[in-house]
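Down below is the structure, laid out as structure tokens.
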Amino acid sequence: MRKRPSTAFYISIAILALFLLVMVFGTWLKPHGISPEDKINMIQYQEDGKTRYAIPPYAPNSTFLLGTDHRGFDMLSLLLNGLKYTLGTALGLTLLRFAVALPWGLGSGMTGRGRGLLRSLQWAVAAVPAFIFLYPPLAGMYYGLRLDLGAKADPHNKLLYSITFIILITLIGIFPLAHQIADRTRYYSGKMFIEASRLMGGSFWHRTLRHIFPSMRNEMMFIFLSEFMQVLFLLGQLAVFNIVLGGTETIGDEEAGFQITISTSGEWLSLIAYGARYIRLHPWIILSAGTSFALLFLSLQFFLNQLKRRYGEERQLM
């Protein structure tokens with residue numbers, strides 16, 4: 001039953017709208033450039049009457065509110081520019097999961113075929129955190145294919161790793177999602193109005209499109225948002241251990257004595273992976289990227305909770 005909207009519901013919408021505005025207009029809102037010509041090699045300044053030089057990364061100051069990375073790029077500008085890539089990656093992976101799980105779940109729920117297999121697969125995947133399944137093969141491929149070499153890595157290996165990353169992230173979530181959809185479809189398919197439609201000659205597609213989907217529209221919205229958040233959280237976990245999809249460049253080399261992999265676009269997950277390696281030397285990098293990611297995730301969780309309070313639900317879906 002729909003409840004009267006509360007102040008918290010409108011606050012959750014406002015916060016989410018703010019993130020969406022940053023996603024759309026962040027490229028134009030960033031205070032500093034992040035193109036190759038905007039790199040800073042060093043800054044000259046005066047101290048105690050002497051000329052001194054400082055090389056990036058720079059700690060937060062009046063010019064760079066959140067500090068800079070090793071290229072001298074402003075962290076705030078990187079975050080504003082990179083949000084759209086983070087949300088786009090999570091959205092794409094969520095849609096891939098739904099593209100497989102939705103027809104599978106609907107078919108199993110309506111006909112009962114493959115119910116035992118789906119239940120077994122769901123149990124096997126849900127029994128262990130997804131990170132445990134994903135990290136060993138992805139880390140093995142990343143270092144085994146020498147993708148840690150950055151620009152020197154084989155492009156074919158990069159493509160192979162990206163395809164494997166997408167497949168594994170998608171596959172690990174298909175079985176629980178399909179089982180959840182099948183369970184809710186089975187619940188509604190047992191209703192009298194669905195049975196009446198079947199007895200009157202309604203086809204599978206007629207019953208699904210005209211009866212099942214309208215009955216499940218709120219639940220499907222909750223399930224989609226929940227799945228999107230699960231994908232986002234899983235990507236964040238992998239990023240802490242330097243497992244990201246791509247969009248990075250490498251500065252320095254073995255001859256220079258250092259080699260640093262940094263996001264080219266400011267994509268948040270790549271910034272987390274980069275900042276985690278320098279958490280002791282340059283803590284502002286991981287603090288700015290990690291805090292931004294945490295605020296995004298908590299805002300989505302707050303919005304989802306308020307949606308459930310607003311529209312209600314017949315059973316717990318998460």
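Numbering starts fresh at 1 for the residues of each chain in the structure tokens, the chains themselves are lettered A, B, ... in the order given, and ligands are numbered from 1 as they appear.
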If we count only C-alpha atoms and set the cut-off at 7 Å, which residues sit around segment 88-99 of chain A, ignoring sequence neighbours fewer than 3 positions away in its own chain? Please answer as a PDB file with C-alpha atoms, in the first residue's frame.
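Everything below was put into out.pdb:
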ATOM      1  CA  LYS A  84      29.876   9.115 -15.133  1.00  0.00           C
ATOM      2  CA  TYR A  85      32.335   6.333 -15.956  1.00  0.00           C
ATOM      3  CA  LEU A 102      15.091 -11.860 -16.307  1.00  0.00           C
ATOM      4  CA  THR A 170      28.001 -10.723 -14.855  1.00  0.00           C
ATOM      5  CA  GLY A 173      25.170 -12.377 -10.151  1.00  0.00           C
ATOM      6  CA  ILE A 174      22.934 -14.132 -12.678  1.00  0.00           C
ATOM      7  CA  GLU A 227      21.426  -5.317  -7.945  1.00  0.00           C
ATOM      8  CA  PHE A 228      23.001  -2.060  -9.132  1.00  0.00           C
ATOM      9  CA  VAL A 231      27.559  -4.507  -8.517  1.00  0.00           C
ATOM     10  CA  LEU A 232      28.879  -1.122  -7.392  1.00  0.00           C
TER      11      LEU A 232
END
Each residue of segment 222-277 of chain A with at least one atom at most 8 Å from segment 281-294 of chain A should appear once, together with its nearest atom pair and the corresponding distance in Å (one decimal); atoms considered: only C-alpha atoms; ordering: chain, then increasing residue number; output as JSON lines.
{"residue": "A:Trp268", "atom": "CA", "partner": "A:Ala289", "partner_atom": "CA", "distance": 6.2}
{"residue": "A:Leu271", "atom": "CA", "partner": "A:Ala289", "partner_atom": "CA", "distance": 6.2}
{"residue": "A:Ile272", "atom": "CA", "partner": "A:Ala289", "partner_atom": "CA", "distance": 5.7}
{"residue": "A:Tyr274", "atom": "CA", "partner": "A:Ile286", "partner_atom": "CA", "distance": 7.8}
{"residue": "A:Gly275", "atom": "CA", "partner": "A:Ile286", "partner_atom": "CA", "distance": 4.3}
{"residue": "A:Ala276", "atom": "CA", "partner": "A:Ile286", "partner_atom": "CA", "distance": 5.8}
>> I'd like the neighbourhood of segment 123-138 of chain A as JSON, numbers by chain, where a residue qualifies if any of its atoms comes within 10 Å (using only C-alpha atoms), though same-chain residues fewer than 6 positions away should be ignored.
In response: {"A": [117, 144, 161, 162, 164, 165, 168, 169, 171, 172, 173, 174, 175, 176, 179, 230, 234, 235, 237, 238, 241, 243, 244]}
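Nearest residue to Glu219 of chain A among A:His156, A:Ile167, A:Leu307, A:Ile279 is A:Leu307, counting only C-alpha atoms.
The shell of residues at most 8 Å from Phe9 of chain A, with only C-alpha atoms counted and near chain neighbours (fewer than 3 positions) removed, consists of Pro5, Ser6, Ser12, Ile13, Phe303, Gln306, Leu307 and Arg310 of chain A.
The space separating atom CA of Asp74 of chain A from atom CA of Thr51 of chain A comes to 23.9 Å.
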>> Can you tell me which residues surround Met221 of chain A at a distance of at most 12 Å, considering only C-alpha atoms, apart from same-chain residues fewer than 3 positions away, and format the answer as a VMD selection string?
In response: chain A and resid 98 181 213 to 218 224 to 228 303 to 304 307 to 308 311 to 313 317
> Quick one: DSSP alpha helix (DSSP H) residues in segment 79-256 of chain A, as a ChimeraX atom specification?
Replying inline: /A:79-111,115-126,130-144,155-189,192-199,204-207,213-240
> What does the distance between atom CA of Leu149 of chain A and atom CA of Gln259 of chain A come to in Å, to one decimal place?
Replying inline: 8.3 Å
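Taking atom CA of Glu267 of chain A and atom CA of Ile251 of chain A as endpoints, the distance between them is 17.1 Å.
For Glu37 of chain A, the non-local neighbours within 12 Å, defined as residues at least 6 positions apart in the same chain or in other chains and counting only C-alpha atoms, are A:Arg71, A:Gly72, A:Phe73.
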> Please, which residues of segment 64-262 of chain A, numbered as in this document, come out strand (DSSP E) from DSSP, as number ranges by chain?
Replying inline: A: 248-253, 258-262
